[in-house]
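Next comes structure36.cif, a file with mmCIF, C-alpha atoms.
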```
data_input
#
loop_
_atom_site.group_PDB
_atom_site.id
_atom_site.type_symbol
_atom_site.label_atom_id
_atom_site.label_comp_id
_atom_site.auth_asym_id
_atom_site.auth_seq_id
_atom_site.Cartn_x
_atom_site.Cartn_y
_atom_site.Cartn_z
ATOM 1 C CA MET K 11 82.955 43.748 17.149
ATOM 2 C CA ARG K 12 79.810 44.414 15.105
ATOM 3 C CA GLU K 13 76.492 43.608 16.746
ATOM 4 C CA GLN K 14 74.705 40.535 15.388
ATOM 5 C CA THR K 15 71.762 41.167 13.094
ATOM 6 C CA THR K 16 69.033 38.528 13.023
ATOM 7 C CA VAL K 17 67.354 37.834 9.670
ATOM 8 C CA LEU K 18 64.294 35.981 8.370
ATOM 9 C CA VAL K 19 64.379 35.022 4.657
ATOM 10 C CA CYS K 20 60.988 34.739 2.912
ATOM 11 C CA ASP K 21 60.496 33.611 -0.690
ATOM 12 C CA ASP K 22 58.411 30.879 -2.316
ATOM 13 C CA HIS K 23 61.341 29.683 -4.447
ATOM 14 C CA THR K 24 63.673 27.347 -2.560
ATOM 15 C CA LEU K 25 66.618 28.037 -4.877
ATOM 16 C CA PHE K 26 66.293 31.783 -4.327
ATOM 17 C CA ARG K 27 66.162 31.357 -0.541
ATOM 18 C CA GLU K 28 69.243 29.172 -0.722
ATOM 19 C CA GLY K 29 71.000 31.800 -2.835
ATOM 20 C CA ILE K 30 70.226 34.554 -0.324
ATOM 21 C CA LYS K 31 71.447 32.400 2.544
ATOM 22 C CA GLU K 32 74.637 31.693 0.593
ATOM 23 C CA ILE K 33 75.257 35.442 0.245
ATOM 24 C CA LEU K 34 74.583 36.120 3.912
ATOM 25 C CA LYS K 35 76.493 33.216 5.419
ATOM 26 C CA ASP K 36 79.830 34.919 4.660
ATOM 27 C CA GLN K 37 78.852 37.926 6.773
ATOM 28 C CA PRO K 38 79.820 37.186 10.403
ATOM 29 C CA TRP K 39 77.463 39.903 11.668
ATOM 30 C CA ILE K 40 74.381 38.214 10.194
ATOM 31 C CA SER K 41 72.485 35.413 11.923
ATOM 32 C CA ILE K 42 69.758 33.715 9.845
ATOM 33 C CA LEU K 43 66.990 32.731 12.254
ATOM 34 C CA GLY K 44 64.719 31.014 9.772
ATOM 35 C CA GLU K 45 62.890 31.087 6.469
ATOM 36 C CA ALA K 46 59.354 31.097 5.082
ATOM 37 C CA HIS K 47 57.819 30.221 1.713
ATOM 38 C CA ASN K 48 54.706 32.433 1.771
ATOM 39 C CA GLY K 49 53.388 35.572 3.415
ATOM 40 C CA ARG K 50 51.305 33.799 6.035
ATOM 41 C CA GLU K 51 54.280 31.740 7.158
ATOM 42 C CA ALA K 52 56.430 34.893 7.144
ATOM 43 C CA ILE K 53 54.011 36.582 9.559
ATOM 44 C CA HIS K 54 54.028 33.536 11.846
ATOM 45 C CA GLU K 55 57.816 33.194 11.817
ATOM 46 C CA ALA K 56 58.349 36.928 12.372
ATOM 47 C CA ARG K 57 56.005 36.738 15.365
ATOM 48 C CA ARG K 58 57.812 33.674 16.713
ATOM 49 C CA LEU K 59 61.418 34.704 16.053
ATOM 50 C CA ALA K 60 61.266 38.536 16.232
ATOM 51 C CA PRO K 61 64.075 39.091 13.675
ATOM 52 C CA ARG K 62 65.695 42.484 13.210
ATOM 53 C CA LEU K 63 65.318 42.229 9.407
ATOM 54 C CA VAL K 64 62.848 40.379 7.203
ATOM 55 C CA LEU K 65 63.912 39.835 3.574
ATOM 56 C CA LEU K 66 60.579 39.432 1.828
ATOM 57 C CA ASP K 67 59.546 38.485 -1.695
ATOM 58 C CA LEU K 68 56.633 40.518 -3.014
ATOM 59 C CA SER K 69 54.746 37.866 -4.993
ATOM 60 C CA MET K 70 54.099 34.673 -3.016
ATOM 61 C CA PRO K 71 51.185 32.213 -2.883
ATOM 62 C CA ASP K 72 48.443 32.278 -0.248
ATOM 63 C CA LEU K 73 49.421 35.698 1.140
ATOM 64 C CA GLY K 74 51.723 38.082 -0.714
ATOM 65 C CA GLY K 75 54.591 40.220 0.497
ATOM 66 C CA LEU K 76 52.683 43.504 0.540
ATOM 67 C CA GLU K 77 50.054 42.289 2.981
ATOM 68 C CA ALA K 78 52.692 40.409 4.981
ATOM 69 C CA THR K 79 54.651 43.664 5.317
ATOM 70 C CA HIS K 80 51.616 45.432 6.824
ATOM 71 C CA ARG K 81 51.101 42.737 9.417
ATOM 72 C CA ILE K 82 54.718 42.015 10.298
ATOM 73 C CA LEU K 83 55.425 45.667 11.025
ATOM 74 C CA ARG K 84 52.182 46.092 12.939
ATOM 75 C CA GLU K 85 53.008 43.136 15.183
ATOM 76 C CA ASN K 86 56.788 43.643 15.432
ATOM 77 C CA PRO K 87 57.781 47.304 15.965
ATOM 78 C CA GLY K 88 61.473 46.388 16.221
ATOM 79 C CA THR K 89 61.544 44.639 12.838
ATOM 80 C CA SER K 90 62.342 46.205 9.461
ATOM 81 C CA VAL K 91 61.265 44.765 6.096
ATOM 82 C CA ILE K 92 63.402 44.688 2.959
ATOM 83 C CA ILE K 93 61.416 43.858 -0.185
ATOM 84 C CA LEU K 94 63.163 41.630 -2.748
ATOM 85 C CA THR K 95 61.380 41.560 -6.104
ATOM 86 C CA MET K 96 61.582 41.777 -9.881
ATOM 87 C CA TYR K 97 58.811 44.403 -10.065
ATOM 88 C CA GLU K 98 60.063 47.919 -10.729
ATOM 89 C CA GLU K 99 56.795 49.739 -11.469
ATOM 90 C CA GLU K 100 56.526 52.994 -9.518
ATOM 91 C CA GLU K 101 53.036 52.220 -8.208
ATOM 92 C CA VAL K 102 54.217 48.915 -6.718
ATOM 93 C CA ILE K 103 57.259 50.576 -5.139
ATOM 94 C CA SER K 104 55.091 53.311 -3.639
ATOM 95 C CA ARG K 105 52.637 50.790 -2.186
ATOM 96 C CA CYS K 106 55.467 48.917 -0.491
ATOM 97 C CA LEU K 107 56.936 52.092 0.984
ATOM 98 C CA ARG K 108 53.517 53.186 2.238
ATOM 99 C CA ALA K 109 53.128 49.759 3.821
ATOM 100 C CA GLY K 110 56.268 50.526 5.816
ATOM 101 C CA ALA K 111 59.031 48.671 3.948
ATOM 102 C CA SER K 112 62.461 50.156 4.673
ATOM 103 C CA ALA K 113 64.137 49.002 1.459
ATOM 104 C CA TYR K 114 63.224 47.885 -2.057
ATOM 105 C CA VAL K 115 65.871 45.744 -3.762
ATOM 106 C CA LEU K 116 65.506 44.301 -7.254
ATOM 107 C CA LYS K 117 66.369 40.631 -7.528
ATOM 108 C CA ASP K 118 68.750 41.130 -10.431
ATOM 109 C CA ALA K 119 70.827 43.695 -8.494
ATOM 110 C CA PRO K 120 74.417 42.821 -7.478
ATOM 111 C CA ARG K 121 74.802 41.045 -4.128
ATOM 112 C CA SER K 122 76.557 44.154 -2.829
ATOM 113 C CA ASP K 123 73.268 46.078 -3.208
ATOM 114 C CA LEU K 124 71.504 43.779 -0.756
ATOM 115 C CA LEU K 125 74.279 44.082 1.825
ATOM 116 C CA HIS K 126 74.353 47.857 1.376
ATOM 117 C CA ALA K 127 70.556 48.007 1.747
ATOM 118 C CA MET K 128 70.815 46.079 5.009
ATOM 119 C CA ASP K 129 73.472 48.483 6.294
ATOM 120 C CA VAL K 130 71.357 51.510 5.380
ATOM 121 C CA VAL K 131 68.244 50.114 7.062
ATOM 122 C CA LEU K 132 70.154 49.163 10.210
ATOM 123 C CA SER K 133 71.419 52.746 10.348
ATOM 124 C CA GLY K 134 67.842 54.018 10.308
ATOM 125 C CA GLY K 135 67.686 54.929 6.622
ATOM 126 C CA GLN K 136 65.634 53.882 3.611
ATOM 127 C CA TYR K 137 67.105 52.238 0.518
ATOM 128 C CA LEU K 138 65.875 51.830 -3.066
ATOM 129 C CA SER K 139 67.728 50.003 -5.834
ATOM 130 C CA SER K 140 68.967 52.501 -8.400
ATOM 131 C CA ARG K 141 66.339 51.586 -11.050
ATOM 132 C CA ALA K 142 63.557 51.650 -8.453
ATOM 133 C CA LEU K 143 64.737 55.053 -7.239
ATOM 134 C CA LYS K 144 64.764 56.360 -10.809
ATOM 135 C CA LYS K 145 61.144 55.261 -11.272
ATOM 136 C CA VAL K 146 60.048 57.114 -8.134
ATOM 137 C CA VAL K 147 62.016 60.270 -8.970
ATOM 138 C CA THR K 148 60.735 60.300 -12.574
ATOM 139 C CA ASN K 149 57.160 59.983 -11.372
ATOM 140 C CA HIS K 150 57.703 62.789 -8.869
ATOM 141 C CA HIS K 151 58.969 65.141 -11.578
ATOM 142 C CA ASP K 152 56.264 64.127 -14.064
ATOM 143 C CA ASN K 153 53.450 64.751 -11.599
ATOM 144 C CA GLY K 154 54.943 67.621 -9.638
ATOM 145 C CA ARG K 155 54.336 65.797 -6.377
ATOM 146 C CA THR K 156 54.614 62.374 -4.793
ATOM 147 C CA LYS K 157 51.512 60.213 -4.633
ATOM 148 C CA THR K 158 50.274 59.994 -1.037
ATOM 149 C CA ALA K 159 46.559 59.187 -1.267
ATOM 150 C CA ALA K 160 45.588 55.662 -0.301
ATOM 151 C CA THR K 161 44.706 53.412 -3.219
ATOM 152 C CA PRO K 162 41.460 51.385 -3.291
ATOM 153 C CA TYR K 163 43.514 48.295 -2.409
ATOM 154 C CA GLU K 164 44.945 49.995 0.663
ATOM 155 C CA ARG K 165 41.434 50.811 1.840
ATOM 156 C CA LEU K 166 40.536 47.111 1.977
ATOM 157 C CA THR K 167 40.534 45.358 5.337
ATOM 158 C CA ASP K 168 43.055 42.605 6.083
ATOM 159 C CA ARG K 169 40.409 39.945 5.467
ATOM 160 C CA GLU K 170 39.268 41.528 2.219
ATOM 161 C CA ARG K 171 42.844 41.498 0.931
ATOM 162 C CA GLU K 172 43.186 37.827 1.846
ATOM 163 C CA VAL K 173 39.920 36.963 0.113
ATOM 164 C CA LEU K 174 40.948 38.961 -2.970
ATOM 165 C CA LYS K 175 44.183 37.014 -3.352
ATOM 166 C CA LEU K 176 42.630 33.600 -2.764
ATOM 167 C CA VAL K 177 39.734 34.251 -5.163
ATOM 168 C CA ALA K 178 42.217 35.484 -7.775
ATOM 169 C CA GLU K 179 44.245 32.289 -7.288
ATOM 170 C CA GLY K 180 41.165 30.286 -8.280
ATOM 171 C CA LEU K 181 39.805 29.062 -4.952
ATOM 172 C CA ALA K 182 36.056 28.533 -4.674
ATOM 173 C CA LEU K 183 34.258 30.427 -1.913
ATOM 174 C CA LYS K 184 33.986 27.290 0.239
ATOM 175 C CA GLU K 185 37.755 26.741 -0.097
ATOM 176 C CA VAL K 186 38.425 30.395 0.791
ATOM 177 C CA ALA K 187 36.282 30.037 3.903
ATOM 178 C CA HIS K 188 38.114 26.850 4.926
ATOM 179 C CA ARG K 189 41.560 28.369 4.311
ATOM 180 C CA LEU K 190 40.739 31.409 6.453
ATOM 181 C CA ALA K 191 38.771 29.494 9.116
ATOM 182 C CA LEU K 192 35.601 31.464 8.342
ATOM 183 C CA SER K 193 32.003 30.517 7.676
ATOM 184 C CA VAL K 194 31.019 30.550 3.999
ATOM 185 C CA LYS K 195 28.598 33.373 4.777
ATOM 186 C CA THR K 196 31.342 35.511 6.338
ATOM 187 C CA ALA K 197 33.743 34.780 3.491
ATOM 188 C CA ASP K 198 31.038 35.754 0.996
ATOM 189 C CA SER K 199 30.457 39.021 2.893
ATOM 190 C CA HIS K 200 34.185 39.871 2.693
ATOM 191 C CA LYS K 201 34.201 38.992 -1.013
ATOM 192 C CA THR K 202 31.157 41.190 -1.686
ATOM 193 C CA ASN K 203 32.661 44.144 0.195
ATOM 194 C CA MET K 204 36.026 43.708 -1.547
ATOM 195 C CA MET K 205 34.479 43.666 -5.021
ATOM 196 C CA ARG K 206 32.295 46.677 -4.242
ATOM 197 C CA LYS K 207 35.259 48.745 -2.975
ATOM 198 C CA LEU K 208 37.334 47.843 -6.046
ATOM 199 C CA ASP K 209 34.394 48.166 -8.474
ATOM 200 C CA LEU K 210 34.865 44.591 -9.702
ATOM 201 C CA HIS K 211 31.932 42.549 -10.960
ATOM 202 C CA ASP K 212 33.060 38.960 -11.550
ATOM 203 C CA ARG K 213 35.937 36.546 -10.944
ATOM 204 C CA GLY K 214 37.556 37.440 -14.264
ATOM 205 C CA GLU K 215 37.805 41.093 -13.234
ATOM 206 C CA VAL K 216 39.183 40.054 -9.836
ATOM 207 C CA ILE K 217 41.886 37.983 -11.528
ATOM 208 C CA ARG K 218 42.803 40.787 -13.946
ATOM 209 C CA TYR K 219 42.969 43.288 -11.080
ATOM 210 C CA ALA K 220 45.202 40.988 -9.018
ATOM 211 C CA ILE K 221 47.547 40.508 -11.974
ATOM 212 C CA GLN K 222 47.698 44.242 -12.706
ATOM 213 C CA GLN K 223 48.431 45.004 -9.055
ATOM 214 C CA LYS K 224 51.143 42.291 -8.936
ATOM 215 C CA LEU K 225 49.250 40.438 -6.200
ATOM 216 C CA ILE K 226 49.521 37.142 -8.055
ATOM 217 C CA ARG K 227 52.137 35.896 -10.472
ATOM 218 C CA VAL K 228 51.341 34.597 -13.956
ATOM 219 C CA ASN K 229 53.541 31.591 -14.656
#
```
As structure tokens, how would this structure be written, given the file I've shared?
Amino acid sequence: MREQTTVLVCDDHTLFREGIKEILKDQPWISILGEAHNGREAIHEARRLAPRLVLLDLSMPDLGGLEATHRILRENPGTSVIILTMYEEEEVISRCLRAGASAYVLKDAPRSDLLHAMDVVLSGGQYLSSRALKKVVTNHHDNGRTKTAATPYERLTDREREVLKLVAEGLALKEVAHRLALSVKTADSHKTNMMRKLDLHDRGEVIRYAIQQKLIRVN
């Protein structure tokens, strides 16, 4: 009999989480331990439940999937992350893979793709949806090599990434400090360092950068 695989489902849309659970419930080898609606909750639940697989949306409020991937894998060596997203830009895919994600599955892929991705990851492999793989391969051929250098975003600290996302979502500095349990002075220091590293000069530029990098979603 196949060994049970424990799963945590993370997405800010309830209907999408329910759809994923509906797909997985017919697989007797899968045990859904829990769910989360944002990256911060995903980190907490992964720490608490220690699932074998985390199915993680990329664009979520408060803390996004990319930063959550960094932290989940750092805290849970036995866990693998499968990104579920609509974004198929090569730069976004590469950032997720560099963060340690084991699979990148597009949300409009057939349900069989998700189950296959889970099988591949559990076997120790890495999986990309066919369109995502094509983007990466095309970029490799166009540039003659795969991008490996860290981006400015990846050189930010954990706190600076959190501040970036919250500022881009429209929170005032005092609200950012409260959300992160920091003093206003410390939050302002993180904001200043973040903007300097990214060469951003005002909130408008922060928002545009976050949108371009798919860190926040435009409704």
As a check of understanding, name the residues that the PyMOL selection byres ((chain K and resi 111) around 7) selects in the supplied structure, as a PDB file with C-alpha atoms, keeping the file's coordinate frame.
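What follows is the written file expr38.pdb:
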```pdb
ATOM      1  CA  THR K  79      54.651  43.664   5.317  1.00  0.00           C
ATOM      2  CA  SER K  90      62.342  46.205   9.461  1.00  0.00           C
ATOM      3  CA  VAL K  91      61.265  44.765   6.096  1.00  0.00           C
ATOM      4  CA  ILE K  92      63.402  44.688   2.959  1.00  0.00           C
ATOM      5  CA  ILE K  93      61.416  43.858  -0.185  1.00  0.00           C
ATOM      6  CA  CYS K 106      55.467  48.917  -0.491  1.00  0.00           C
ATOM      7  CA  LEU K 107      56.936  52.092   0.984  1.00  0.00           C
ATOM      8  CA  ALA K 109      53.128  49.759   3.821  1.00  0.00           C
ATOM      9  CA  GLY K 110      56.268  50.526   5.816  1.00  0.00           C
ATOM     10  CA  SER K 112      62.461  50.156   4.673  1.00  0.00           C
ATOM     11  CA  ALA K 113      64.137  49.002   1.459  1.00  0.00           C
TER      12      ALA K 113
END
```
Exercise. Neighbours of segment 218-229 of chain K within 8 Å (all atoms listed in the file; same-chain residues fewer than 6 positions away dropped), as a ChimeraX atom specification?
Worked result: /K:69-71,74,102,174-175,178-179
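Every polymer residue reaching to within 10 Å of (32.7, 36.3, -2.1), counting all atoms listed in the file, appears in this list: Glu170, Val173, Leu174, Val177, Ala182, Leu183, Lys184, Val186, Ala187, Val194, Lys195, Thr196, Ala197, Asp198, Ser199, His200, Lys201, Thr202, Asn203, Met204, Met205, Asp212 and Arg213 of chain K.
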Could you list, as a PDB file with C-alpha atoms, keeping the file's coordinate frame, every residue within 7 Å of Ser139 of chain K, counting only C-alpha atoms and ignoring same-chain residues fewer than 5 positions away?
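New file out12.pdb:
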```pdb
ATOM      1  CA  TYR K 114      63.224  47.885  -2.057  1.00  0.00           C
ATOM      2  CA  VAL K 115      65.871  45.744  -3.762  1.00  0.00           C
ATOM      3  CA  LEU K 116      65.506  44.301  -7.254  1.00  0.00           C
TER       4      LEU K 116
END
```
For this session: Mind checking which residues fall within 7 Å of Ile40 of chain K, counting only C-alpha atoms, ignoring those fewer than 2 positions away in the same chain, and posting them as an MDAnalysis selection string?
Result: chainID K and resid 14:16 34 37:38 42
For this session: Up to 6 Å from (57.8, 43.3, -3.0) in the file's coordinates: name the residues, counting all atoms listed in the file, as a ChimeraX atom specification.
Result: /K:67-68,75,93-95
Seminar exercise, completed: With distances taken over only C-alpha atoms, the candidate from K:Arg108, K:Asn48, K:Arg141, K:Leu66 nearest Asp123 of chain K is K:Arg141
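The closest residue to Asp118 of chain K, picked from K:Ile33, K:Ile217, K:Met96, K:Leu73 and counting all atoms listed in the file, is K:Met96.
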Could you list, as a PDB file with C-alpha atoms, in the frame of the given file, every residue matched by the PyMOL selection byres ((chain K and resi 62) around 10) in this structure?
```pdb
ATOM      1  CA  GLN K  14      74.705  40.535  15.388  1.00  0.00           C
ATOM      2  CA  THR K  15      71.762  41.167  13.094  1.00  0.00           C
ATOM      3  CA  THR K  16      69.033  38.528  13.023  1.00  0.00           C
ATOM      4  CA  VAL K  17      67.354  37.834   9.670  1.00  0.00           C
ATOM      5  CA  LEU K  18      64.294  35.981   8.370  1.00  0.00           C
ATOM      6  CA  SER K  41      72.485  35.413  11.923  1.00  0.00           C
ATOM      7  CA  LEU K  43      66.990  32.731  12.254  1.00  0.00           C
ATOM      8  CA  ALA K  56      58.349  36.928  12.372  1.00  0.00           C
ATOM      9  CA  LEU K  59      61.418  34.704  16.053  1.00  0.00           C
ATOM     10  CA  ALA K  60      61.266  38.536  16.232  1.00  0.00           C
ATOM     11  CA  PRO K  61      64.075  39.091  13.675  1.00  0.00           C
ATOM     12  CA  LEU K  63      65.318  42.229   9.407  1.00  0.00           C
ATOM     13  CA  VAL K  64      62.848  40.379   7.203  1.00  0.00           C
ATOM     14  CA  ASN K  86      56.788  43.643  15.432  1.00  0.00           C
ATOM     15  CA  PRO K  87      57.781  47.304  15.965  1.00  0.00           C
ATOM     16  CA  GLY K  88      61.473  46.388  16.221  1.00  0.00           C
ATOM     17  CA  THR K  89      61.544  44.639  12.838  1.00  0.00           C
ATOM     18  CA  SER K  90      62.342  46.205   9.461  1.00  0.00           C
ATOM     19  CA  VAL K  91      61.265  44.765   6.096  1.00  0.00           C
ATOM     20  CA  LEU K 132      70.154  49.163  10.210  1.00  0.00           C
TER      21      LEU K 132
END
```
Seminar exercise, completed: Correct to one decimal, the distance atom CA of Leu192 of chain K-atom CA of Arg50 of chain K is 16.0 Å
For this session: Using atom CA of Val19 of chain K and atom CA of His54 of chain K as the two end points, give the distance in Å to one decimal.
Result: 12.7 Å
Seminar exercise, completed: The distance between atom CA of Leu166 of chain K and atom CA of Lys117 of chain K is 28.3 Å
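When only C-alpha atoms are used to measure the gap to Asp209 of chain K, the shortest distance among K:Pro162, K:Gly180, K:Asp129, K:Ile30 belongs to K:Pro162.
Proximity of K:Ala52, K:Leu138, K:Ile103, K:Ala78 to Glu172 of chain K, computed with only C-alpha atoms, is greatest for K:Ala78.
Using all atoms listed in the file for every distance, the candidate list K:Asp22, K:Glu164, K:Tyr97, K:Gln136 yields K:Asp22 as the residue closest to Asp72 of chain K.
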Export segment 174-184 of chain K, all heavy atoms, as a PDB file, in the first residue's frame; it's the structure right above.
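Once everything was written out, this is result_2.pdb:
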```pdb
ATOM      1  N   LEU K 174       8.330  45.812   2.251  1.00  0.00           N
ATOM      2  CA  LEU K 174       8.049  46.117   0.845  1.00  0.00           C
ATOM      3  C   LEU K 174       6.616  45.753   0.488  1.00  0.00           C
ATOM      4  O   LEU K 174       5.881  46.566  -0.090  1.00  0.00           O
ATOM      5  CB  LEU K 174       9.035  45.354  -0.051  1.00  0.00           C
ATOM      6  CG  LEU K 174       8.685  45.251  -1.542  1.00  0.00           C
ATOM      7  CD1 LEU K 174       8.617  46.631  -2.178  1.00  0.00           C
ATOM      8  CD2 LEU K 174       9.705  44.384  -2.262  1.00  0.00           C
ATOM      9  N   LYS K 175       6.198  44.553   0.826  1.00  0.00           N
ATOM     10  CA  LYS K 175       4.857  44.103   0.448  1.00  0.00           C
ATOM     11  C   LYS K 175       3.770  44.906   1.154  1.00  0.00           C
ATOM     12  O   LYS K 175       2.776  45.312   0.538  1.00  0.00           O
ATOM     13  CB  LYS K 175       4.683  42.616   0.749  1.00  0.00           C
ATOM     14  CG  LYS K 175       3.437  42.017   0.108  1.00  0.00           C
ATOM     15  CD  LYS K 175       3.439  40.512   0.189  1.00  0.00           C
ATOM     16  CE  LYS K 175       2.395  39.905  -0.740  1.00  0.00           C
ATOM     17  NZ  LYS K 175       1.048  40.439  -0.521  1.00  0.00           N
ATOM     18  N   LEU K 176       3.954  45.172   2.436  1.00  0.00           N
ATOM     19  CA  LEU K 176       2.944  45.899   3.192  1.00  0.00           C
ATOM     20  C   LEU K 176       2.844  47.361   2.735  1.00  0.00           C
ATOM     21  O   LEU K 176       1.740  47.911   2.632  1.00  0.00           O
ATOM     22  CB  LEU K 176       3.259  45.817   4.687  1.00  0.00           C
ATOM     23  CG  LEU K 176       3.137  44.416   5.296  1.00  0.00           C
ATOM     24  CD1 LEU K 176       3.576  44.429   6.755  1.00  0.00           C
ATOM     25  CD2 LEU K 176       1.712  43.880   5.174  1.00  0.00           C
ATOM     26  N   VAL K 177       3.980  47.989   2.465  1.00  0.00           N
ATOM     27  CA  VAL K 177       3.960  49.362   1.949  1.00  0.00           C
ATOM     28  C   VAL K 177       3.271  49.393   0.590  1.00  0.00           C
ATOM     29  O   VAL K 177       2.451  50.278   0.301  1.00  0.00           O
ATOM     30  CB  VAL K 177       5.392  49.928   1.843  1.00  0.00           C
ATOM     31  CG1 VAL K 177       5.403  51.243   1.064  1.00  0.00           C
ATOM     32  CG2 VAL K 177       5.979  50.143   3.234  1.00  0.00           C
ATOM     33  N   ALA K 178       3.573  48.414  -0.258  1.00  0.00           N
ATOM     34  CA  ALA K 178       2.960  48.350  -1.586  1.00  0.00           C
ATOM     35  C   ALA K 178       1.458  48.106  -1.496  1.00  0.00           C
ATOM     36  O   ALA K 178       0.701  48.528  -2.379  1.00  0.00           O
ATOM     37  CB  ALA K 178       3.623  47.257  -2.414  1.00  0.00           C
ATOM     38  N   GLU K 179       1.013  47.437  -0.435  1.00  0.00           N
ATOM     39  CA  GLU K 179      -0.418  47.188  -0.248  1.00  0.00           C
ATOM     40  C   GLU K 179      -1.141  48.390   0.323  1.00  0.00           C
ATOM     41  O   GLU K 179      -2.359  48.359   0.517  1.00  0.00           O
ATOM     42  CB  GLU K 179      -0.624  45.963   0.653  1.00  0.00           C
ATOM     43  CG  GLU K 179      -0.276  44.648  -0.034  1.00  0.00           C
ATOM     44  CD  GLU K 179      -0.403  43.439   0.881  1.00  0.00           C
ATOM     45  OE1 GLU K 179      -0.535  43.621   2.113  1.00  0.00           O
ATOM     46  OE2 GLU K 179      -0.390  42.321   0.366  1.00  0.00           O
ATOM     47  N   GLY K 180      -0.394  49.467   0.630  1.00  0.00           N
ATOM     48  CA  GLY K 180      -1.024  50.716   1.044  1.00  0.00           C
ATOM     49  C   GLY K 180      -0.995  51.007   2.527  1.00  0.00           C
ATOM     50  O   GLY K 180      -1.575  52.008   2.973  1.00  0.00           O
ATOM     51  N   LEU K 181      -0.327  50.191   3.324  1.00  0.00           N
ATOM     52  CA  LEU K 181      -0.276  50.431   4.757  1.00  0.00           C
ATOM     53  C   LEU K 181       0.646  51.601   5.085  1.00  0.00           C
ATOM     54  O   LEU K 181       1.721  51.735   4.496  1.00  0.00           O
ATOM     55  CB  LEU K 181       0.209  49.179   5.506  1.00  0.00           C
ATOM     56  CG  LEU K 181      -0.866  48.155   5.904  1.00  0.00           C
ATOM     57  CD1 LEU K 181      -1.444  47.486   4.657  1.00  0.00           C
ATOM     58  CD2 LEU K 181      -0.287  47.112   6.851  1.00  0.00           C
ATOM     59  N   ALA K 182       0.220  52.439   6.021  1.00  0.00           N
ATOM     60  CA  ALA K 182       1.071  53.513   6.518  1.00  0.00           C
ATOM     61  C   ALA K 182       2.175  52.906   7.379  1.00  0.00           C
ATOM     62  O   ALA K 182       2.061  51.765   7.854  1.00  0.00           O
ATOM     63  CB  ALA K 182       0.249  54.500   7.341  1.00  0.00           C
ATOM     64  N   LEU K 183       3.240  53.665   7.590  1.00  0.00           N
ATOM     65  CA  LEU K 183       4.390  53.137   8.331  1.00  0.00           C
ATOM     66  C   LEU K 183       3.989  52.662   9.727  1.00  0.00           C
ATOM     67  O   LEU K 183       4.465  51.621  10.199  1.00  0.00           O
ATOM     68  CB  LEU K 183       5.479  54.206   8.425  1.00  0.00           C
ATOM     69  CG  LEU K 183       6.804  53.741   9.029  1.00  0.00           C
ATOM     70  CD1 LEU K 183       7.424  52.625   8.188  1.00  0.00           C
ATOM     71  CD2 LEU K 183       7.772  54.916   9.142  1.00  0.00           C
ATOM     72  N   LYS K 184       3.113  53.409  10.396  1.00  0.00           N
ATOM     73  CA  LYS K 184       2.666  53.009  11.731  1.00  0.00           C
ATOM     74  C   LYS K 184       1.934  51.673  11.680  1.00  0.00           C
ATOM     75  O   LYS K 184       2.092  50.820  12.574  1.00  0.00           O
ATOM     76  CB  LYS K 184       1.753  54.095  12.316  1.00  0.00           C
ATOM     77  CG  LYS K 184       1.378  53.866  13.767  1.00  0.00           C
ATOM     78  CD  LYS K 184       0.586  55.054  14.316  1.00  0.00           C
ATOM     79  CE  LYS K 184       0.212  54.823  15.784  1.00  0.00           C
ATOM     80  NZ  LYS K 184      -0.532  55.986  16.335  1.00  0.00           N
TER      81      LYS K 184
END
```
